[in-house]
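The next block is input-v6.tsv, given as TSV, C-alpha atoms.
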```
chain	number	residue	atom	x	y	z
A	1	MET	CA	-28.12	66.67	60.74
A	2	ILE	CA	-26.71	64.04	58.40
A	3	ASP	CA	-23.78	64.92	56.18
A	4	ILE	CA	-22.81	62.53	53.43
A	5	THR	CA	-19.53	63.39	51.77
A	6	LYS	CA	-17.86	61.78	48.76
A	7	LEU	CA	-19.66	58.55	49.32
A	8	SER	CA	-18.99	55.59	47.05
A	9	PHE	CA	-20.79	52.30	47.25
A	10	SER	CA	-21.09	49.26	45.02
A	11	TYR	CA	-22.95	45.98	45.19
A	12	GLY	CA	-20.50	43.59	43.61
A	13	LYS	CA	-19.76	45.14	40.24
A	14	THR	CA	-22.81	47.39	40.27
A	15	ARG	CA	-21.72	50.85	41.28
A	16	LEU	CA	-24.62	52.68	42.88
A	17	PHE	CA	-22.90	55.78	44.23
A	18	GLU	CA	-19.67	57.52	43.45
A	19	ASP	CA	-18.58	60.80	45.02
A	20	PHE	CA	-22.12	61.26	46.30
A	21	ASN	CA	-22.86	64.24	48.56
A	22	LEU	CA	-25.98	65.06	50.51
A	23	SER	CA	-26.68	67.13	53.57
A	24	LEU	CA	-29.88	66.85	55.60
A	25	PRO	CA	-30.44	69.49	58.27
A	26	ALA	CA	-31.90	68.50	61.61
A	27	GLY	CA	-35.65	68.51	61.85
A	28	GLN	CA	-36.39	68.19	58.17
A	29	VAL	CA	-38.82	65.72	56.63
A	30	CYS	CA	-37.33	64.58	53.38
A	31	LEU	CA	-38.46	62.22	50.65
A	32	VAL	CA	-35.98	60.21	48.62
A	33	THR	CA	-37.40	58.84	45.41
A	34	GLY	CA	-36.36	57.52	42.00
A	35	ILE	CA	-36.82	54.48	39.78
A	36	ASN	CA	-36.51	50.96	41.13
A	37	GLY	CA	-32.92	49.92	41.61
A	38	VAL	CA	-31.54	53.44	41.72
A	39	GLY	CA	-30.33	52.91	45.28
A	40	LYS	CA	-32.96	54.60	47.48
A	41	SER	CA	-33.05	51.83	50.05
A	42	THR	CA	-29.31	51.35	49.85
A	43	LEU	CA	-28.83	55.01	50.66
A	44	LEU	CA	-31.14	54.63	53.64
A	45	ARG	CA	-29.22	51.58	54.82
A	46	LEU	CA	-25.97	53.48	54.51
A	47	MET	CA	-27.43	56.32	56.58
A	48	ALA	CA	-28.68	53.82	59.14
A	49	GLY	CA	-25.24	52.29	59.44
A	50	VAL	CA	-26.49	48.88	58.31
A	51	LEU	CA	-24.20	49.12	55.27
A	52	ARG	CA	-20.75	50.63	55.26
A	53	PRO	CA	-19.62	52.95	52.47
A	54	ASP	CA	-16.73	51.77	50.27
A	55	LYS	CA	-15.41	55.29	50.41
A	56	GLY	CA	-16.45	58.61	51.90
A	57	THR	CA	-18.05	59.53	55.17
A	58	ILE	CA	-21.47	59.86	56.72
A	59	ARG	CA	-21.41	62.24	59.66
A	60	TYR	CA	-24.16	62.85	62.16
A	61	GLU	CA	-24.91	65.72	64.46
A	62	ALA	CA	-22.68	65.76	67.51
A	63	ALA	CA	-25.83	65.68	69.65
A	64	LEU	CA	-26.32	62.08	68.59
A	65	GLY	CA	-23.48	61.17	70.91
A	66	ALA	CA	-20.72	58.61	70.69
A	67	ASP	CA	-22.96	55.91	69.22
A	68	PRO	CA	-25.13	57.80	66.74
A	69	ARG	CA	-26.76	54.61	65.51
A	70	ARG	CA	-28.69	54.42	68.73
A	71	LYS	CA	-30.34	57.73	67.91
A	72	ILE	CA	-31.20	56.62	64.40
A	73	GLY	CA	-34.42	54.72	64.00
A	74	PHE	CA	-34.61	52.59	60.88
A	75	ILE	CA	-37.94	51.12	59.85
A	76	SER	CA	-37.56	48.48	57.18
A	77	ASP	CA	-39.04	45.10	56.34
A	78	ALA	CA	-35.60	43.61	55.90
A	79	LEU	CA	-34.73	43.95	59.56
A	80	SER	CA	-35.58	40.76	61.34
A	81	LEU	CA	-37.11	41.04	64.73
A	82	TYR	CA	-36.74	38.17	67.14
A	83	GLU	CA	-39.01	35.78	65.26
A	84	SER	CA	-39.48	33.09	67.87
A	85	LEU	CA	-40.13	35.44	70.77
A	86	THR	CA	-43.56	36.62	71.80
A	87	VAL	CA	-44.34	40.32	71.60
A	88	ALA	CA	-44.00	40.66	75.39
A	89	GLU	CA	-40.65	38.84	75.37
A	90	ALA	CA	-39.35	41.00	72.53
A	91	ILE	CA	-40.29	44.15	74.41
A	92	ARG	CA	-38.65	42.86	77.59
A	93	LEU	CA	-35.48	42.00	75.69
A	94	HIS	CA	-35.49	45.40	73.99
A	95	LYS	CA	-35.86	47.16	77.36
A	96	SER	CA	-32.99	45.26	78.90
A	97	VAL	CA	-30.66	45.69	75.90
A	98	TYR	CA	-31.21	49.44	75.90
A	99	GLY	CA	-31.64	49.88	79.63
A	100	LEU	CA	-35.15	51.32	79.38
A	101	SER	CA	-37.19	51.55	82.55
A	102	THR	CA	-40.52	52.16	80.82
A	103	PHE	CA	-42.09	51.24	77.53
A	104	ASP	CA	-45.05	52.93	75.90
A	105	ASP	CA	-47.09	50.23	74.15
A	106	SER	CA	-50.10	52.36	73.23
A	107	LEU	CA	-49.66	51.82	69.48
A	108	ILE	CA	-49.53	48.07	69.90
A	109	ARG	CA	-52.70	48.11	71.95
A	110	HIS	CA	-54.43	50.01	69.15
A	111	THR	CA	-53.60	47.38	66.61
A	112	LYS	CA	-54.83	44.16	68.17
A	113	ILE	CA	-51.34	42.81	68.66
A	114	GLY	CA	-51.52	40.31	71.49
A	115	SER	CA	-48.58	40.35	73.89
A	116	ARG	CA	-48.38	36.54	73.77
A	117	GLN	CA	-48.36	36.37	70.00
A	118	LYS	CA	-45.17	35.18	68.41
A	119	ILE	CA	-43.44	37.80	66.26
A	120	ARG	CA	-43.50	35.44	63.28
A	121	GLU	CA	-47.30	35.22	63.52
A	122	LEU	CA	-47.79	38.96	63.07
A	123	SER	CA	-48.84	40.50	59.78
A	124	ILE	CA	-46.41	42.80	57.98
A	125	GLY	CA	-48.45	45.78	59.17
A	126	GLN	CA	-48.43	44.64	62.79
A	127	ARG	CA	-44.69	43.95	62.66
A	128	THR	CA	-44.13	47.43	61.28
A	129	ILE	CA	-46.14	49.02	64.08
A	130	LEU	CA	-44.28	46.95	66.68
A	131	HIS	CA	-41.01	47.89	65.05
A	132	LEU	CA	-41.98	51.56	65.10
A	133	GLU	CA	-42.86	51.34	68.77
A	134	LEU	CA	-39.51	49.72	69.60
A	135	VAL	CA	-37.64	52.33	67.59
A	136	LEU	CA	-39.55	55.25	69.11
A	137	SER	CA	-38.88	54.07	72.64
A	138	LEU	CA	-35.26	55.08	72.03
A	139	ASP	CA	-36.24	58.67	71.29
A	140	PRO	CA	-34.57	58.79	67.88
A	141	GLU	CA	-33.25	62.07	66.48
A	142	VAL	CA	-33.40	60.61	63.00
A	143	LEU	CA	-36.07	58.35	61.60
A	144	LEU	CA	-35.40	56.49	58.38
A	145	ILE	CA	-38.46	54.88	56.82
A	146	ASP	CA	-38.04	52.45	53.97
A	147	GLU	CA	-40.77	51.58	51.49
A	148	ILE	CA	-42.35	49.32	54.06
A	149	ILE	CA	-45.36	51.58	54.61
A	150	HIS	CA	-46.59	50.58	51.16
A	151	SER	CA	-47.25	47.09	52.31
A	152	ILE	CA	-49.38	47.86	55.32
A	153	ASP	CA	-53.10	48.39	55.26
A	154	ALA	CA	-54.78	51.78	55.26
A	155	TYR	CA	-55.72	51.71	58.95
A	156	LEU	CA	-52.27	50.79	60.22
A	157	ARG	CA	-50.70	53.21	57.78
A	158	ARG	CA	-52.83	55.96	59.25
A	159	ILE	CA	-51.78	54.97	62.78
A	160	PHE	CA	-48.16	54.89	61.67
A	161	LEU	CA	-48.33	58.34	60.07
A	162	GLU	CA	-50.31	59.84	62.94
A	163	GLN	CA	-47.57	58.72	65.27
A	164	ILE	CA	-44.99	60.48	63.11
A	165	VAL	CA	-47.05	63.70	63.09
A	166	GLN	CA	-47.47	63.49	66.88
A	167	LEU	CA	-43.73	63.23	67.31
A	168	LEU	CA	-42.96	66.02	64.88
A	169	SER	CA	-45.31	68.30	66.75
A	170	THR	CA	-43.57	67.73	70.05
A	171	ARG	CA	-39.95	67.75	69.02
A	172	ARG	CA	-37.43	68.17	66.26
A	173	MET	CA	-36.80	64.98	64.36
A	174	THR	CA	-35.16	64.41	61.00
A	175	VAL	CA	-37.23	62.06	58.88
A	176	VAL	CA	-36.15	60.48	55.62
A	177	MET	CA	-38.72	58.45	53.72
A	178	VAL	CA	-38.17	56.35	50.67
A	179	ASN	CA	-41.31	56.20	48.66
A	180	VAL	CA	-42.99	56.13	45.31
A	181	ASN	CA	-46.58	56.59	46.44
A	182	PHE	CA	-47.43	59.78	48.22
A	183	HIS	CA	-51.11	60.52	48.56
A	184	ASP	CA	-51.14	60.48	52.36
A	185	ILE	CA	-47.64	61.74	53.08
A	186	GLU	CA	-47.64	64.55	50.55
A	187	HIS	CA	-48.15	67.30	53.14
A	188	LEU	CA	-45.66	65.91	55.62
A	189	ILE	CA	-42.77	66.26	53.22
A	190	GLU	CA	-40.66	69.41	53.16
A	191	ARG	CA	-38.00	68.42	50.67
A	192	VAL	CA	-37.88	66.04	47.71
A	193	ILE	CA	-34.73	64.36	46.45
A	194	LEU	CA	-34.86	62.40	43.22
A	195	LEU	CA	-32.02	60.02	42.57
A	196	LYS	CA	-30.92	59.18	39.06
A	197	ALA	CA	-27.96	56.99	38.15
A	198	GLY	CA	-26.25	57.50	41.48
A	199	GLU	CA	-26.71	61.24	41.49
A	200	ILE	CA	-29.18	63.76	42.80
A	201	ALA	CA	-31.21	64.77	39.77
A	202	VAL	CA	-33.67	66.94	41.68
A	203	ASP	CA	-33.40	68.51	45.11
A	204	GLU	CA	-36.20	70.97	45.81
A	205	THR	CA	-38.50	72.07	48.58
A	206	ILE	CA	-42.00	70.75	48.01
A	207	GLU	CA	-43.26	74.25	47.32
A	208	ASP	CA	-40.62	75.01	44.70
A	209	LEU	CA	-41.17	71.64	43.10
A	210	LYS	CA	-44.90	72.24	42.74
A	211	ALA	CA	-44.26	75.66	41.25
A	212	LYS	CA	-41.70	74.32	38.79
A	213	VAL	CA	-43.22	71.11	37.46
A	214	LYS	CA	-46.32	71.50	35.31
A	215	LYS	CA	-48.37	69.64	32.79
A	216	VAL	CA	-48.90	71.50	29.56
A	217	SER	CA	-51.75	70.13	27.45
A	218	SER	CA	-51.15	71.18	23.90
A	219	ARG	CA	-51.35	70.10	20.29
A	220	SER	CA	-47.70	70.88	19.70
A	221	ARG	CA	-44.58	70.43	21.74
A	222	PRO	CA	-43.83	73.66	23.64
A	223	ASP	CA	-40.38	74.45	22.25
A	224	SER	CA	-39.39	76.93	24.94
A	225	LEU	CA	-39.74	74.30	27.69
A	226	TYR	CA	-37.78	71.30	28.82
A	227	VAL	CA	-40.05	68.27	28.58
A	228	LEU	CA	-39.48	65.51	31.13
A	229	SER	CA	-41.99	63.13	29.65
A	230	ARG	CA	-45.13	63.16	27.53
A	231	ILE	CA	-48.34	61.27	27.11
A	232	ASP	CA	-49.97	61.36	23.69
A	233	TYR	CA	-53.71	61.43	23.09
A	234	SER	CA	-55.58	61.48	19.80
A	235	ASP	CA	-55.98	65.24	19.64
A	236	HIS	CA	-53.32	66.57	22.00
A	237	SER	CA	-50.40	65.61	24.20
A	238	ASP	CA	-49.67	66.20	27.86
A	239	PHE	CA	-46.14	67.50	28.27
A	240	TYR	CA	-44.62	67.34	31.72
A	241	VAL	CA	-42.19	70.22	31.95
A	242	TYR	CA	-39.48	71.33	34.37
A	243	PRO	CA	-38.35	73.87	35.33
A	244	PHE	CA	-41.39	76.03	34.72
A	245	HIS	CA	-41.94	79.59	35.89
A	246	ASP	CA	-44.79	82.01	35.43
A	247	GLY	CA	-42.91	84.08	32.87
A	248	LEU	CA	-43.20	81.14	30.48
A	249	ARG	CA	-46.98	81.37	30.38
A	250	GLN	CA	-46.75	84.27	27.94
A	251	GLY	CA	-47.32	83.06	24.42
A	252	LEU	CA	-47.49	79.43	25.47
A	253	GLU	CA	-49.90	77.36	23.42
A	254	GLY	CA	-51.99	75.05	25.52
A	255	ASP	CA	-53.20	74.86	29.10
A	256	VAL	CA	-50.89	74.74	32.09
A	257	HIS	CA	-51.95	72.39	34.91
A	258	ASP	CA	-50.67	72.12	38.47
A	259	LEU	CA	-49.72	68.64	39.69
A	260	ASP	CA	-49.68	66.69	42.91
A	261	LEU	CA	-46.54	65.00	44.15
A	262	THR	CA	-47.42	61.58	42.73
A	263	GLU	CA	-47.85	63.07	39.26
A	264	ILE	CA	-44.67	65.09	39.60
A	265	VAL	CA	-42.57	62.09	40.52
A	266	SER	CA	-44.24	60.01	37.79
A	267	ALA	CA	-43.29	62.70	35.30
A	268	PHE	CA	-39.62	62.49	36.27
A	269	ILE	CA	-39.58	58.73	36.46
A	270	GLY	CA	-41.58	58.38	33.24
A	271	GLY	CA	-38.88	60.36	31.49
A	272	GLU	CA	-36.29	57.83	32.53
A	273	TYR	CA	-38.21	54.94	30.99
A	274	ALA	CA	-38.90	56.80	27.75
B	1	MET	CA	-65.17	78.27	79.40
B	2	ASP	CA	-63.69	78.59	75.96
B	3	LYS	CA	-65.51	76.91	73.22
B	4	ILE	CA	-63.29	74.51	71.36
B	5	ARG	CA	-64.01	74.39	67.71
B	6	SER	CA	-63.28	71.22	65.82
B	7	ASP	CA	-65.65	71.24	62.89
B	8	LEU	CA	-63.88	73.73	60.68
B	9	ILE	CA	-63.49	71.80	57.46
B	10	ILE	CA	-60.32	72.47	55.54
B	11	GLN	CA	-59.60	70.74	52.28
B	12	ILE	CA	-56.12	70.87	50.87
B	13	ASP	CA	-55.94	70.50	47.14
B	14	ALA	CA	-52.78	68.49	46.56
B	15	LYS	CA	-52.85	69.32	42.86
B	16	SER	CA	-52.75	73.04	43.45
B	17	ALA	CA	-49.50	74.90	43.14
B	18	VAL	CA	-50.76	77.11	45.97
B	19	PRO	CA	-48.68	75.79	48.88
B	20	ALA	CA	-50.50	73.80	51.55
B	21	TYR	CA	-49.78	76.42	54.24
B	22	GLU	CA	-51.30	79.10	52.02
B	23	GLN	CA	-54.42	77.01	51.41
B	24	ILE	CA	-54.89	76.36	55.13
B	25	LYS	CA	-54.28	80.02	55.92
B	26	ARG	CA	-56.82	81.09	53.37
B	27	ALA	CA	-59.43	78.67	54.71
B	28	ILE	CA	-59.00	79.97	58.27
B	29	LYS	CA	-59.10	83.59	57.13
B	30	LEU	CA	-62.29	82.94	55.23
B	31	ALA	CA	-63.78	81.27	58.31
B	32	VAL	CA	-62.81	84.23	60.50
B	33	LEU	CA	-64.06	86.83	58.04
B	34	SER	CA	-67.31	85.01	57.35
B	35	GLY	CA	-68.04	84.37	61.02
B	36	GLY	CA	-67.55	80.61	60.79
B	37	LEU	CA	-64.93	81.10	63.45
B	38	LYS	CA	-66.12	83.61	66.01
B	39	GLU	CA	-64.22	86.29	67.87
B	40	GLY	CA	-62.63	84.80	70.97
B	41	GLU	CA	-63.01	81.25	69.74
B	42	ARG	CA	-60.11	78.91	70.29
B	43	LEU	CA	-58.39	77.39	67.29
B	44	THR	CA	-57.62	73.71	67.10
B	45	THR	CA	-54.19	73.08	68.62
B	46	LEU	CA	-51.14	72.76	66.41
B	47	ARG	CA	-50.87	69.05	67.02
B	48	GLU	CA	-54.53	68.31	66.38
B	49	MET	CA	-54.61	70.44	63.27
B	50	ALA	CA	-51.52	68.68	61.94
B	51	LEU	CA	-53.08	65.29	62.68
B	52	LYS	CA	-56.44	66.15	61.22
B	53	LEU	CA	-54.99	67.47	57.98
B	54	MET	CA	-52.02	65.07	57.98
B	55	VAL	CA	-49.63	67.90	57.36
B	56	ASN	CA	-46.24	68.57	58.81
B	57	PRO	CA	-46.62	70.39	62.16
B	58	ASN	CA	-44.08	72.93	60.90
B	59	THR	CA	-46.64	73.91	58.27
B	60	ILE	CA	-49.26	74.64	60.94
B	61	ILE	CA	-46.74	76.64	62.97
B	62	LYS	CA	-46.12	78.74	59.89
B	63	VAL	CA	-49.86	79.17	59.30
B	64	TYR	CA	-50.60	80.27	62.88
B	65	ASP	CA	-47.57	82.57	63.00
B	66	GLN	CA	-48.59	84.31	59.81
B	67	LEU	CA	-52.25	84.54	60.83
B	68	GLU	CA	-51.12	86.18	64.06
B	69	ASN	CA	-48.95	88.68	62.19
B	70	GLU	CA	-51.75	89.46	59.80
B	71	GLY	CA	-54.18	90.21	62.62
B	72	PHE	CA	-56.55	87.25	62.49
B	73	ILE	CA	-55.62	85.38	65.64
B	74	TYR	CA	-53.50	85.86	68.74
B	75	SER	CA	-51.71	83.43	70.96
B	76	ARG	CA	-52.01	83.07	74.69
B	77	PRO	CA	-48.81	81.46	75.85
B	78	GLY	CA	-49.52	77.97	77.04
B	79	ALA	CA	-53.21	78.23	76.20
B	80	GLY	CA	-53.31	78.20	72.44
B	81	TYR	CA	-54.52	80.41	69.64
B	82	TYR	CA	-57.71	82.47	69.66
B	83	VAL	CA	-59.60	84.34	66.99
B	84	ARG	CA	-59.29	88.10	67.17
B	85	LEU	CA	-59.78	90.15	64.09
B	86	ASP	CA	-57.58	93.21	64.07
B	87	ARG	CA	-59.44	95.27	61.49
B	88	ALA	CA	-56.55	97.63	60.91
B	89	LYS	CA	-54.25	94.76	60.07
B	90	SER	CA	-56.71	92.46	58.39
B	91	GLY	CA	-58.33	94.99	56.09
B	92	ALA	CA	-55.84	94.41	53.31
B	93	ALA	CA	-56.14	90.65	53.72
B	94	ARG	CA	-59.90	90.92	53.46
B	95	GLN	CA	-59.57	92.86	50.22
B	96	LYS	CA	-57.07	90.33	48.92
B	97	LEU	CA	-59.34	87.40	49.71
B	98	PHE	CA	-62.23	89.17	48.04
B	99	ARG	CA	-60.10	89.66	44.96
B	100	GLU	CA	-59.09	86.00	44.95
B	101	VAL	CA	-62.61	84.63	45.20
B	102	THR	CA	-63.69	87.07	42.51
B	103	GLN	CA	-60.83	86.00	40.28
B	104	ASP	CA	-61.84	82.36	40.77
B	105	TYR	CA	-65.38	83.20	39.82
B	106	VAL	CA	-64.40	85.22	36.78
B	107	ALA	CA	-61.96	82.57	35.56
B	108	LYS	CA	-64.61	79.86	35.80
B	109	ALA	CA	-67.28	81.98	34.14
B	110	VAL	CA	-64.88	82.89	31.31
B	111	ASP	CA	-64.11	79.19	30.85
B	112	LEU	CA	-67.83	78.58	30.50
B	113	GLY	CA	-67.96	81.29	27.85
B	114	PHE	CA	-69.89	84.03	29.67
B	115	SER	CA	-69.30	87.71	29.04
B	116	SER	CA	-68.59	90.34	31.68
B	117	GLY	CA	-72.11	91.76	31.15
B	118	GLU	CA	-73.62	88.36	31.88
B	119	MET	CA	-71.45	87.98	34.97
B	120	LEU	CA	-72.53	91.35	36.30
B	121	ARG	CA	-76.19	90.57	35.70
B	122	GLU	CA	-75.84	87.21	37.43
B	123	LEU	CA	-74.09	88.83	40.40
B	124	ALA	CA	-76.84	91.44	40.60
B	125	ARG	CA	-79.52	88.75	40.49
B	126	LEU	CA	-77.82	86.71	43.22
B	127	THR	CA	-77.38	89.67	45.52
B	128	SER	CA	-80.96	90.81	44.60
B	129	ALA	CA	-79.77	94.33	44.20
B	130	GLY	CA	-79.64	96.29	40.99
B	131	ILE	CA	-76.32	97.36	39.65
B	132	PRO	CA	-75.24	100.07	40.12
B	133	GLY	CA	-76.12	101.01	43.66
B	134	GLY	CA	-75.90	97.60	45.40
B	135	GLU	CA	-75.51	98.11	49.14
B	136	ARG	CA	-73.24	96.04	51.30
B	137	LYS	CA	-75.25	93.90	53.62
B	138	ASP	CA	-72.96	94.18	56.62
B	139	GLY	CA	-72.90	97.97	56.43
B	140	CYS	CA	-69.20	97.82	57.07
B	141	HIS	CA	-67.24	100.48	55.26
B	142	ASP	CA	-63.51	100.49	55.47
```
With the file now loaded, output its structure as structure tokens.
Amino acid sequence: MIDITKLSFSYGKTRLFEDFNLSLPAGQVCLVTGINGVGKSTLLRLMAGVLRPDKGTIRYEAALGADPRRKIGFISDALSLYESLTVAEAIRLHKSVYGLSTFDDSLIRHTKIGSRQKIRELSIGQRTILHLELVLSLDPEVLLIDEIIHSIDAYLRRIFLEQIVQLLSTRRMTVVMVNVNFHDIEHLIERVILLKAGEIAVDETIEDLKAKVKKVSSRSRPDSLYVLSRIDYSDHSDFYVYPFHDGLRQGLEGDVHDLDLTEIVSAFIGGEYA
Amino acid sequence: MDKIRSDLIIQIDAKSAVPAYEQIKRAIKLAVLSGGLKEGERLTTLREMALKLMVNPNTIIKVYDQLENEGFIYSRPGAGYYVRLDRAKSGAARQKLFREVTQDYVAKAVDLGFSSGEMLRELARLTSAGIPGGERKDGCHD
């Protein structure tokens, strides 16, 4: 569990959060999304303890122990690994810092990472996999994944996600992902949080969200519905509406279409640029 | 030895508002009812199913739990899930599935502009039995 209460945070004069509250129960896989610059990654960094809030508190489950940061895995491209070390040296260092007696390097072996390669010679994808392996060796209760998985290739991305699914199927782990592209994580996510101007604009389970956001293709704007965004074509427009419910189908002009998560988030974000 | 089935193909339509767990459940029910998954056959483990479909393992737990409650499968502690159709329990589900596939068919045919008479004739032709009086092939009456 992560409990964020009355959090305020600014970068210089840019205030990203003020009196921000969010509670994530243990074992939930949650997606945090929103337009660029809204503070998704900052929020993740605050949760990871990399940044400190100006005001407010971030509390973790008591089970995380006296040093909760150890039980929080944070996967991000901004974290520097030990660039000049080889992979084997980095793993050895990691084991001694954290007092680990064993280290499972099966992921690394799957990804053609040589143990004598220098960290700085690895591709972004390989670094991410190595990073994941280091983080997972600490048995994290919470896994925070920044947008990094966008920049790794399809094969490594699959390996990365498979590893997450493996873990979720063996034990309870809270996962927070920051993302704007969802095709392969869509069915892993249980809850979607959309940030807007420092606040939570949408907080829904994936099932509710899919039931409530629809595309209505129509010649005229559906006046009974709240339109998030629209795309105009020569003979009709697509209206992205929220919140929708089945009772609204009655007397509605136009066709109602279901959407996938990418389209849903685009609809919200598109509205903010309009 | 138990046969382990791994070739059951399940497609999740991400665009559908039907929740993923419901889509997976429906696919397994259809497979059980149509004989694609046989009585006594072992289902893919939770972990493998989650990996194969790239869905949250919690979703698969929900699917298997509900399938067990609805009389399609049963669990052997420590050994996994096996197909066992409890006709008393699954009868309603069978009817419901039948209704759903029929609704799909009707909706598509209506979209294409066919009348109910044309649909009935086409159904009769496909089942090569005149309507009325078409017999059920499996001879199963419930």
| request: Please provide the set of residues having any atom within 6 Å of region 179-188 of chain A, restricted to all atoms listed in the file, with same-chain residues fewer than 6 positions apart removed, written as a ChimeraX atom specification. | output: /A:33,147,262 /B:55-56
| field | Distance of CA of Gln166 (chain A) from CA of Gly114 (chain A), expressed in Å to one decimal place | value | 24.0 Å
| field | Check: which chain A residues lie within 10 Å of chain B using all atoms listed in the file, as a ChimeraX atom specification | value | /A:27-29,158,161-172,183-190,206-214,257-264
Using all atoms listed in the file, which residues sit within 7 Å of Ser229 (chain A) once same-chain residues fewer than 6 positions away are excluded, as a compact mmCIF listing (two decimals) with C-alpha atoms, in the frame of the given file?
```
# COMPACT_ATOMS: atom_id res chain seq x y z
CA PHE A 239 -46.14 67.50 28.27
CA TYR A 240 -44.62 67.34 31.72
CA ALA A 267 -43.29 62.70 35.30
CA GLY A 270 -41.58 58.38 33.24
CA GLY A 271 -38.88 60.36 31.49
```
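Coordinates place CA of Arg45 (chain A) at a distance of 8.7 Å from CA of Leu144 (chain A).
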| So how many Å separate CA of Asp246 (chain A) and CA of Val216 (chain A), to one decimal? |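 Between these atoms lies a distance of 12.7 Å.
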| message | Give me the residues near region 192-197 of chain A as a PyMOL selection string, where near means some atom within 10 Å (using only C-alpha atoms) and where sequence neighbours in that chain fewer than 3 positions away do not count. | response | chain A and resi 15-18+22+29-35+37-40+176-178+189+200-209+261+265+268-269+272
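Among the candidates B:Ile73, B:Met49, B:Ala124, B:Ile10, the residue lying nearest to Ser90 (chain B) is B:Ile73 (atoms considered: all atoms listed in the file).
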For Leu143 (chain A): contacts at 8 Å, only C-alpha atoms, fewer than 3 positions along chain excluded, given as an mmCIF file with C-alpha atoms, keeping the file's coordinate frame:
```cif
data_model
loop_
_atom_site.group_PDB
_atom_site.id
_atom_site.type_symbol
_atom_site.label_atom_id
_atom_site.label_comp_id
_atom_site.auth_asym_id
_atom_site.auth_seq_id
_atom_site.Cartn_x
_atom_site.Cartn_y
_atom_site.Cartn_z
ATOM 1 C CA ILE A 72 -31.200 56.620 64.400
ATOM 2 C CA GLY A 73 -34.420 54.720 64.000
ATOM 3 C CA PHE A 74 -34.610 52.590 60.880
ATOM 4 C CA ILE A 75 -37.940 51.120 59.850
ATOM 5 C CA PRO A 140 -34.570 58.790 67.880
ATOM 6 C CA MET A 173 -36.800 64.980 64.360
ATOM 7 C CA THR A 174 -35.160 64.410 61.000
ATOM 8 C CA VAL A 175 -37.230 62.060 58.880
ATOM 9 C CA VAL A 176 -36.150 60.480 55.620
#
```
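For the residues B:Gln11, B:Ser128, B:Ser115, B:Gln23, ranking by smallest atom-to-atom distance to Val63 (chain B) using all atoms listed in the file places B:Gln23 first.
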| query | Which polymer residues have any atom within 6 Å of an atom of region 115-122 of chain A, counting all atoms listed in the file, with same-chain residues fewer than 6 positions away left out, as a PyMOL selection string? | reply | chain A and resi 83+85-88
| query | With only C-alpha atoms as the atoms that count, which of B:Tyr82, B:Lys108, B:Glu100, B:Tyr64 lies nearest to Lys38 (chain B)? | reply | B:Tyr82
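For the residues B:Val32, B:Ile24, B:Val110, B:Leu8, ranking by smallest atom-to-atom distance to Arg87 (chain B) using all atoms listed in the file places B:Val32 first.
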Size and centre in Å, one decimal, axis-aligned box, all listed region 28-35 of chain A atoms plus 5 Å per side, as lines of an AutoDock Vina configuration file:
```
center_x = -37.4
center_y = 61.3
center_z = 49.0
size_x = 12.8
size_y = 23.7
size_z = 28.4
```
